[in-house]
Amino acid sequence: MLSSLLDKTLDLAVVPGYSSVGYRLRHPLWSEGELPAMDGKLALVTGASSGLGLATAEGLARLGASVRLLARDQQRGEQASATITARTGNRDVQVSLCDLSDMESVRDFAAGFRVEEQDLDVLVNNAGAMLQTRSYSRQGIELTFATNVLGPFLLTNLLSSLLEGSAPSRVINVSSGGMYTQRLDVEDLQSERGDFDGVSAYARSKRAQVILSEIWAERLQHSGVVVHAMHPGWADTPGVRSSLPRFYRAMKPLLRSPAEGSDTILWLAAAAEPARSSGEFWQDRARRPTHRVPGTRETPAERERLWAECERLSNWHELAIP
């Protein structure tokens, strides 16, 4: 009872709940300590060359999984792979190149991955972008939406056959607590109206990620694939340092380490409890509501429109997901 009350208080207070304070207060209360080994499992982590992605990949390797790192830069990816191997002793860590904002790059990677790998037990959609100015992908799509929503949408759908063939398997979408401040605007998914606000565009894209996670869970409910979204709290990552410099300077003493931020990702990938449900939103190993601010709830029609627009913009028209 006391642990539940403390957890809820931290969550509602936001600053202590999202900071390193919340992690350190909650951690001793978790009934599940050491995570089970993942020997024989294959995990793919996007945005794995730094920050949360690197910490997640390292954690998965430490649990014994075969880990595939998806990165945009070969040198940074190889450095990450070497770091993980040195720290964990796991030599089954490989790097692939892919720019998630480029739909052709996603298609090329997925085609090669399906040829090279027979299984996929865990997919972690972690890569993300928060931009200061409006920019566009190779296909002319606003870059925040392309990277955070469209690329993971296409990648997950293209790899769904591997995930189903490896069932029970898991998809984990890394969102952000910032999504609580925004609602889905299906009329302006690419933030084309008015002056561009990078923080708001990022938060809206993270709202879309959570909605897509729920839709995937519905579509894959009989396949043995579970899909969850999570937010890591406020972590000290290169993305936060470069995209939110004022926030970073003000909050630096309270920011979580990448390892603390990635803890729930690893728990969702390995623990028994997350496999018993799908379509949930998590933070610090607990289910969280997806709406806190009035006026942020989307309608069923808007959810359908989001999926349809993602299909159209990514040029993904397969209908084979059960």
# chains A, B, ... in the order shown; residues from 1 in each chain; ligands from 1
>>> residues_around(residues="range 121-125 of chain A", least_positions_apart="3", cutoff="7 Å", atoms="only C-alpha atoms", output="short mmCIF file (atom, residue, chain, number, x, y, z; two decimals) with N, CA and C atoms, in the first residue's frame")
data_model
loop_
_atom_site.label_atom_id
_atom_site.label_comp_id
_atom_site.auth_asym_id
_atom_site.auth_seq_id
_atom_site.Cartn_x
_atom_site.Cartn_y
_atom_site.Cartn_z
N LYS A 41 17.87 -15.07 -27.67
CA LYS A 41 16.94 -14.05 -28.18
C LYS A 41 17.70 -13.06 -29.06
N LEU A 42 17.01 -12.56 -30.08
CA LEU A 42 17.58 -11.54 -30.96
C LEU A 42 16.82 -10.24 -30.77
N ALA A 43 17.55 -9.16 -30.50
CA ALA A 43 16.94 -7.85 -30.27
C ALA A 43 17.51 -6.83 -31.24
N LEU A 44 16.64 -5.98 -31.77
CA LEU A 44 17.03 -4.90 -32.66
C LEU A 44 16.69 -3.58 -31.98
N VAL A 45 17.68 -2.67 -31.88
CA VAL A 45 17.50 -1.39 -31.21
C VAL A 45 17.82 -0.28 -32.20
N THR A 46 16.89 0.63 -32.42
CA THR A 46 17.14 1.76 -33.31
C THR A 46 17.70 2.93 -32.50
N PRO A 152 9.47 4.39 -37.78
CA PRO A 152 9.14 3.24 -36.93
C PRO A 152 7.87 2.52 -37.38
N LEU A 163 8.64 -10.96 -36.44
CA LEU A 163 8.17 -10.90 -35.07
C LEU A 163 7.13 -11.99 -34.80
N SER A 166 8.63 -15.39 -34.56
CA SER A 166 9.43 -15.59 -33.34
C SER A 166 8.58 -15.56 -32.08
N SER A 169 6.95 -12.54 -28.89
CA SER A 169 7.93 -11.49 -29.14
C SER A 169 7.36 -10.15 -28.71
N ARG A 170 8.21 -9.12 -28.74
CA ARG A 170 7.80 -7.84 -28.16
C ARG A 170 8.28 -6.66 -29.01
N VAL A 171 7.43 -5.64 -29.08
CA VAL A 171 7.78 -4.35 -29.68
C VAL A 171 7.67 -3.30 -28.59
N ILE A 172 8.71 -2.49 -28.45
CA ILE A 172 8.74 -1.46 -27.42
C ILE A 172 8.99 -0.12 -28.09
N ASN A 173 8.06 0.80 -27.94
CA ASN A 173 8.16 2.14 -28.53
C ASN A 173 8.50 3.15 -27.45
N VAL A 174 9.63 3.83 -27.62
CA VAL A 174 10.10 4.78 -26.62
C VAL A 174 9.48 6.14 -26.89
N ALA A 269 11.40 -5.70 -22.22
CA ALA A 269 11.97 -6.67 -23.16
C ALA A 269 12.15 -8.05 -22.55
#
>>> residues_around(residues="range 3-20 of chain A", least_positions_apart="3", cutoff="7 Å", atoms="only C-alpha atoms", output="VMD selection string")
chain A and resid 23 to 24 26 29 233 to 234 254 to 256
>>> residues_around(residues="Ala82 in chain A", least_positions_apart="3", cutoff="12 Å", atoms="only C-alpha atoms", output="PyMOL selection string")
chain A and resi 49+54+57-58+61+69+75-79+85-95
>>> write_last_selection(atoms="N, CA, C and O atoms", output="mmCIF file, in the first residue's frame")
data_model
loop_
_atom_site.group_PDB
_atom_site.id
_atom_site.type_symbol
_atom_site.label_atom_id
_atom_site.label_comp_id
_atom_site.auth_asym_id
_atom_site.auth_seq_id
_atom_site.Cartn_x
_atom_site.Cartn_y
_atom_site.Cartn_z
ATOM 1 N N SER A 49 23.418 4.241 -31.138
ATOM 2 C CA SER A 49 24.820 4.653 -31.038
ATOM 3 C C SER A 49 25.110 5.555 -29.848
ATOM 4 O O SER A 49 26.268 5.832 -29.543
ATOM 5 N N LEU A 54 21.960 3.299 -26.750
ATOM 6 C CA LEU A 54 23.205 2.622 -26.387
ATOM 7 C C LEU A 54 23.047 1.906 -25.048
ATOM 8 O O LEU A 54 23.461 0.749 -24.902
ATOM 9 N N ALA A 57 20.871 -1.191 -25.616
ATOM 10 C CA ALA A 57 21.601 -2.251 -26.310
ATOM 11 C C ALA A 57 22.611 -2.917 -25.389
ATOM 12 O O ALA A 57 22.771 -4.146 -25.399
ATOM 13 N N GLU A 58 23.283 -2.112 -24.572
ATOM 14 C CA GLU A 58 24.233 -2.681 -23.620
ATOM 15 C C GLU A 58 23.529 -3.570 -22.606
ATOM 16 O O GLU A 58 24.007 -4.669 -22.271
ATOM 17 N N ALA A 61 22.583 -6.846 -24.252
ATOM 18 C CA ALA A 61 23.773 -7.679 -24.431
ATOM 19 C C ALA A 61 24.214 -8.291 -23.111
ATOM 20 O O ALA A 61 24.634 -9.452 -23.045
ATOM 21 N N LEU A 69 22.339 -3.348 -33.731
ATOM 22 C CA LEU A 69 22.265 -1.901 -33.549
ATOM 23 C C LEU A 69 21.920 -1.239 -34.867
ATOM 24 O O LEU A 69 22.584 -1.477 -35.879
ATOM 25 N N GLN A 75 30.621 4.838 -38.347
ATOM 26 C CA GLN A 75 31.680 4.955 -37.356
ATOM 27 C C GLN A 75 31.125 4.981 -35.937
ATOM 28 O O GLN A 75 31.620 4.278 -35.051
ATOM 29 N N ARG A 76 30.068 5.775 -35.719
ATOM 30 C CA ARG A 76 29.479 5.839 -34.385
ATOM 31 C C ARG A 76 28.845 4.506 -34.003
ATOM 32 O O ARG A 76 28.901 4.093 -32.844
ATOM 33 N N GLY A 77 28.264 3.832 -34.988
ATOM 34 C CA GLY A 77 27.683 2.530 -34.715
ATOM 35 C C GLY A 77 28.734 1.517 -34.321
ATOM 36 O O GLY A 77 28.546 0.738 -33.374
ATOM 37 N N GLU A 78 29.851 1.508 -35.020
ATOM 38 C CA GLU A 78 30.938 0.575 -34.704
ATOM 39 C C GLU A 78 31.552 0.883 -33.339
ATOM 40 O O GLU A 78 31.921 -0.025 -32.590
ATOM 41 N N GLN A 79 31.662 2.169 -33.024
ATOM 42 C CA GLN A 79 32.170 2.538 -31.704
ATOM 43 C C GLN A 79 31.239 2.041 -30.608
ATOM 44 O O GLN A 79 31.689 1.541 -29.574
ATOM 45 N N THR A 85 30.586 -4.554 -26.435
ATOM 46 C CA THR A 85 31.328 -5.814 -26.315
ATOM 47 C C THR A 85 32.353 -5.743 -25.204
ATOM 48 O O THR A 85 32.509 -6.691 -24.412
ATOM 49 N N ALA A 86 33.063 -4.618 -25.112
ATOM 50 C CA ALA A 86 34.083 -4.464 -24.068
ATOM 51 C C ALA A 86 33.453 -4.491 -22.678
ATOM 52 O O ALA A 86 34.022 -5.061 -21.739
ATOM 53 N N ARG A 87 32.295 -3.880 -22.525
ATOM 54 C CA ARG A 87 31.669 -3.787 -21.203
ATOM 55 C C ARG A 87 30.954 -5.061 -20.781
ATOM 56 O O ARG A 87 30.847 -5.353 -19.590
ATOM 57 N N THR A 88 30.428 -5.813 -21.763
ATOM 58 C CA THR A 88 29.596 -6.974 -21.430
ATOM 59 C C THR A 88 30.245 -8.316 -21.738
ATOM 60 O O THR A 88 29.802 -9.344 -21.222
ATOM 61 N N GLY A 89 31.232 -8.330 -22.624
ATOM 62 C CA GLY A 89 31.816 -9.585 -23.060
ATOM 63 C C GLY A 89 30.998 -10.293 -24.119
ATOM 64 O O GLY A 89 31.383 -11.358 -24.614
ATOM 65 N N ASN A 90 29.862 -9.714 -24.497
ATOM 66 C CA ASN A 90 28.996 -10.290 -25.530
ATOM 67 C C ASN A 90 29.513 -9.856 -26.895
ATOM 68 O O ASN A 90 29.526 -8.675 -27.222
ATOM 69 N N ARG A 91 29.928 -10.814 -27.711
ATOM 70 C CA ARG A 91 30.506 -10.498 -29.013
ATOM 71 C C ARG A 91 29.476 -10.564 -30.138
ATOM 72 O O ARG A 91 29.795 -10.251 -31.287
ATOM 73 N N ASP A 92 28.265 -10.969 -29.810
ATOM 74 C CA ASP A 92 27.219 -11.052 -30.838
ATOM 75 C C ASP A 92 26.455 -9.731 -30.893
ATOM 76 O O ASP A 92 25.257 -9.657 -30.613
ATOM 77 N N VAL A 93 27.180 -8.675 -31.245
ATOM 78 C CA VAL A 93 26.626 -7.333 -31.365
ATOM 79 C C VAL A 93 27.026 -6.787 -32.727
ATOM 80 O O VAL A 93 28.217 -6.625 -33.005
ATOM 81 N N GLN A 94 26.059 -6.544 -33.580
ATOM 82 C CA GLN A 94 26.342 -6.131 -34.953
ATOM 83 C C GLN A 94 25.634 -4.820 -35.285
ATOM 84 O O GLN A 94 24.614 -4.486 -34.691
ATOM 85 N N VAL A 95 26.193 -4.099 -36.257
ATOM 86 C CA VAL A 95 25.686 -2.785 -36.633
ATOM 87 C C VAL A 95 25.123 -2.821 -38.045
ATOM 88 O O VAL A 95 25.716 -3.417 -38.947
#
>>> residues_around(residues="Leu306 in chain A", least_positions_apart="5", cutoff="9 Å", atoms="only C-alpha atoms", output="list in words")
Leu184, Asp185, Val186, Leu189, Ala208, Ile211, Leu212, Ala301 and Glu311 of chain A
>>> write_last_selection(atoms="N, CA and C atoms", output="compact mmCIF listing (two decimals), in the first residue's frame")
# COMPACT_ATOMS: atom_id res chain seq x y z
N LEU A 184 -3.53 14.63 -30.57
CA LEU A 184 -3.32 14.29 -31.97
C LEU A 184 -4.08 15.26 -32.86
N ASP A 185 -3.38 15.86 -33.82
CA ASP A 185 -4.01 16.74 -34.80
C ASP A 185 -3.84 16.11 -36.18
N VAL A 186 -4.83 15.36 -36.60
CA VAL A 186 -4.71 14.64 -37.87
C VAL A 186 -4.75 15.56 -39.07
N LEU A 189 -0.46 16.76 -39.15
CA LEU A 189 0.50 15.79 -38.63
C LEU A 189 1.94 16.24 -38.84
N ALA A 208 1.51 10.48 -31.06
CA ALA A 208 1.17 9.58 -32.16
C ALA A 208 1.79 8.20 -31.95
N ILE A 211 -0.42 6.20 -29.59
CA ILE A 211 -1.65 5.77 -30.25
C ILE A 211 -1.38 4.61 -31.20
N LEU A 212 -0.31 4.70 -31.98
CA LEU A 212 0.03 3.61 -32.89
C LEU A 212 0.36 2.33 -32.13
N ALA A 301 -12.20 7.98 -34.88
CA ALA A 301 -12.00 8.39 -36.28
C ALA A 301 -10.61 8.99 -36.48
N GLU A 311 0.08 4.93 -43.47
CA GLU A 311 0.14 4.02 -44.62
C GLU A 311 0.42 4.78 -45.90
>>> select_by_dssp(residues="range 77-263 of chain A", states="strand (DSSP E)", output="ChimeraX atom specification")
/A:93-97,122-125,169-174,225-230
>>> write_last_selection(atoms="N, CA and C atoms", output="short mmCIF file (atom, residue, chain, number, x, y, z; two decimals), in the first residue's frame")
data_model
loop_
_atom_site.label_atom_id
_atom_site.label_comp_id
_atom_site.auth_asym_id
_atom_site.auth_seq_id
_atom_site.Cartn_x
_atom_site.Cartn_y
_atom_site.Cartn_z
N VAL A 93 27.18 -8.67 -31.25
CA VAL A 93 26.63 -7.33 -31.36
C VAL A 93 27.03 -6.79 -32.73
N GLN A 94 26.06 -6.54 -33.58
CA GLN A 94 26.34 -6.13 -34.95
C GLN A 94 25.63 -4.82 -35.29
N VAL A 95 26.19 -4.10 -36.26
CA VAL A 95 25.69 -2.78 -36.63
C VAL A 95 25.12 -2.82 -38.05
N SER A 96 23.99 -2.17 -38.24
CA SER A 96 23.42 -1.95 -39.56
C SER A 96 23.12 -0.47 -39.72
N LEU A 97 23.20 0.02 -40.95
CA LEU A 97 22.92 1.43 -41.22
C LEU A 97 21.50 1.61 -41.71
N VAL A 122 12.74 -9.11 -30.06
CA VAL A 122 12.49 -7.80 -29.46
C VAL A 122 12.87 -6.71 -30.45
N LEU A 123 11.94 -5.79 -30.71
CA LEU A 123 12.21 -4.60 -31.51
C LEU A 123 12.00 -3.39 -30.62
N VAL A 124 13.06 -2.58 -30.46
CA VAL A 124 12.98 -1.36 -29.67
C VAL A 124 13.06 -0.16 -30.61
N ASN A 125 11.94 0.52 -30.78
CA ASN A 125 11.89 1.73 -31.61
C ASN A 125 12.25 2.92 -30.72
N SER A 169 6.95 -12.54 -28.89
CA SER A 169 7.93 -11.49 -29.14
C SER A 169 7.36 -10.15 -28.71
N ARG A 170 8.21 -9.12 -28.74
CA ARG A 170 7.80 -7.84 -28.16
C ARG A 170 8.28 -6.66 -29.01
N VAL A 171 7.43 -5.64 -29.08
CA VAL A 171 7.78 -4.35 -29.68
C VAL A 171 7.67 -3.30 -28.59
N ILE A 172 8.71 -2.49 -28.45
CA ILE A 172 8.74 -1.46 -27.42
C ILE A 172 8.99 -0.12 -28.09
N ASN A 173 8.06 0.80 -27.94
CA ASN A 173 8.16 2.14 -28.53
C ASN A 173 8.50 3.15 -27.45
N VAL A 174 9.63 3.83 -27.62
CA VAL A 174 10.10 4.78 -26.62
C VAL A 174 9.48 6.14 -26.89
N VAL A 225 2.57 -11.43 -30.54
CA VAL A 225 3.42 -10.24 -30.45
C VAL A 225 2.74 -9.23 -29.54
N VAL A 226 3.44 -8.78 -28.49
CA VAL A 226 2.90 -7.73 -27.63
C VAL A 226 3.60 -6.42 -27.97
N VAL A 227 2.86 -5.33 -27.86
CA VAL A 227 3.38 -4.01 -28.20
C VAL A 227 3.12 -3.07 -27.03
N HIS A 228 4.18 -2.43 -26.57
CA HIS A 228 4.05 -1.49 -25.47
C HIS A 228 4.77 -0.19 -25.80
N ALA A 229 4.29 0.90 -25.21
CA ALA A 229 5.00 2.18 -25.27
C ALA A 229 5.45 2.53 -23.85
N MET A 230 6.47 3.35 -23.75
CA MET A 230 6.96 3.76 -22.44
C MET A 230 7.57 5.14 -22.53
#
>>> residues_around(residues="Pro253 in chain A", least_positions_apart="4", cutoff="12 Å", atoms="only C-alpha atoms", output="list in words")
Ser19, Ser20, Val21, Trp234, Ala235, Asp236, Phe247, Tyr248, Arg249 and Ser257 of chain A
>>> write_last_selection(atoms="N, CA and C atoms", output="CSV table (one decimal), in the first residue's frame")
chain,number,residue,atom,x,y,z
A,19,SER,N,12.4,12.6,-12.6
A,19,SER,CA,13.9,12.8,-12.4
A,19,SER,C,14.5,11.6,-11.8
A,20,SER,N,15.8,11.7,-11.6
A,20,SER,CA,16.5,10.6,-10.9
A,20,SER,C,16.0,10.3,-9.5
A,21,VAL,N,15.4,11.3,-8.9
A,21,VAL,CA,14.8,11.1,-7.6
A,21,VAL,C,13.8,10.0,-7.6
A,234,TRP,N,13.2,11.9,-17.4
A,234,TRP,CA,14.2,12.9,-17.9
A,234,TRP,C,15.6,12.3,-17.8
A,235,ALA,N,16.2,12.0,-18.9
A,235,ALA,CA,17.5,11.4,-18.9
A,235,ALA,C,18.6,12.3,-19.5
A,236,ASP,N,19.8,12.1,-19.0
A,236,ASP,CA,20.9,12.9,-19.5
A,236,ASP,C,21.4,12.2,-20.8
A,247,PHE,N,16.7,23.6,-20.5
A,247,PHE,CA,16.2,22.6,-19.7
A,247,PHE,C,17.4,21.8,-19.1
A,248,TYR,N,18.3,21.4,-20.0
A,248,TYR,CA,19.4,20.6,-19.6
A,248,TYR,C,20.3,21.3,-18.5
A,249,ARG,N,20.6,22.6,-18.7
A,249,ARG,CA,21.4,23.3,-17.7
A,249,ARG,C,20.6,23.4,-16.3
A,257,SER,N,20.5,9.0,-15.4
A,257,SER,CA,21.6,8.4,-16.3
A,257,SER,C,20.9,7.7,-17.4
>>> closest_residue(among="A:Ala275, A:Met103, A:Val149, A:Ala111", to="Val210 in chain A", atoms="only C-alpha atoms")
A:Val149
>>> residues_around(residues="Trp307 in chain A", least_positions_apart="2", cutoff="12 Å", atoms="only C-alpha atoms", output="VMD selection string")
chain A and resid 149 to 150 153 to 154 157 184 186 189 208 to 209 211 to 216 219 300 to 305 309 to 317
>>> write_last_selection(atoms="C-alpha atoms", output="short mmCIF file (atom, residue, chain, number, x, y, z; two decimals), in the first residue's frame")
data_model
loop_
_atom_site.label_atom_id
_atom_site.label_comp_id
_atom_site.auth_asym_id
_atom_site.auth_seq_id
_atom_site.Cartn_x
_atom_site.Cartn_y
_atom_site.Cartn_z
CA VAL A 149 6.50 8.23 -36.34
CA LEU A 150 6.68 7.25 -39.99
CA PHE A 153 5.66 2.63 -38.41
CA LEU A 154 7.14 1.32 -41.65
CA ASN A 157 5.19 -3.36 -40.26
CA LEU A 184 -3.32 14.29 -31.97
CA VAL A 186 -4.71 14.64 -37.87
CA LEU A 189 0.50 15.79 -38.63
CA ALA A 208 1.17 9.58 -32.16
CA GLN A 209 3.64 6.85 -31.15
CA ILE A 211 -1.65 5.77 -30.25
CA LEU A 212 0.03 3.61 -32.89
CA SER A 213 1.26 1.27 -30.15
CA GLU A 214 -2.34 0.75 -29.05
CA ILE A 215 -3.46 0.15 -32.63
CA TRP A 216 -0.65 -2.36 -33.23
CA ARG A 219 -4.06 -5.69 -34.81
CA PRO A 300 -11.73 6.67 -32.88
CA ALA A 301 -12.00 8.39 -36.28
CA GLU A 302 -8.80 10.34 -35.62
CA ARG A 303 -6.98 7.15 -34.67
CA GLU A 304 -8.07 5.52 -37.92
CA ARG A 305 -7.02 8.61 -39.84
CA GLU A 309 -2.03 8.67 -43.20
CA CYS A 310 0.97 6.67 -42.03
CA GLU A 311 0.14 4.02 -44.62
CA ARG A 312 -0.15 6.65 -47.33
CA LEU A 313 2.95 8.67 -46.46
CA SER A 314 5.16 5.60 -46.00
CA ASN A 315 3.67 3.89 -49.06
CA TRP A 316 2.97 0.79 -47.00
CA HIS A 317 -0.15 -0.96 -48.23
#
>>> closest_residue(among="A:Gly239, A:Pro36, A:Gly112, A:Pro258", to="Thr56 in chain A", atoms="only C-alpha atoms")
A:Pro258
>>> select_by_dssp(residues="range 57-229 of chain A", states="helix (DSSP H, G or I)", output="PyMOL selection string")
chain A and resi 57-62+74-88+103-116+143-158+160-165+177-181+198-219
>>> atom_distance(atom1="CA of Leu35 in chain A", atom2="CA of Arg285 in chain A")
12.1 Å
>>> closest_residue(among="A:Ala55, A:Leu155, A:Leu60, A:Ala146", to="Val106 in chain A", atoms="only C-alpha atoms")
A:Leu155
>>> atom_distance(atom1="CA of Tyr202 in chain A", atom2="CA of Met130 in chain A")
5.7 Å
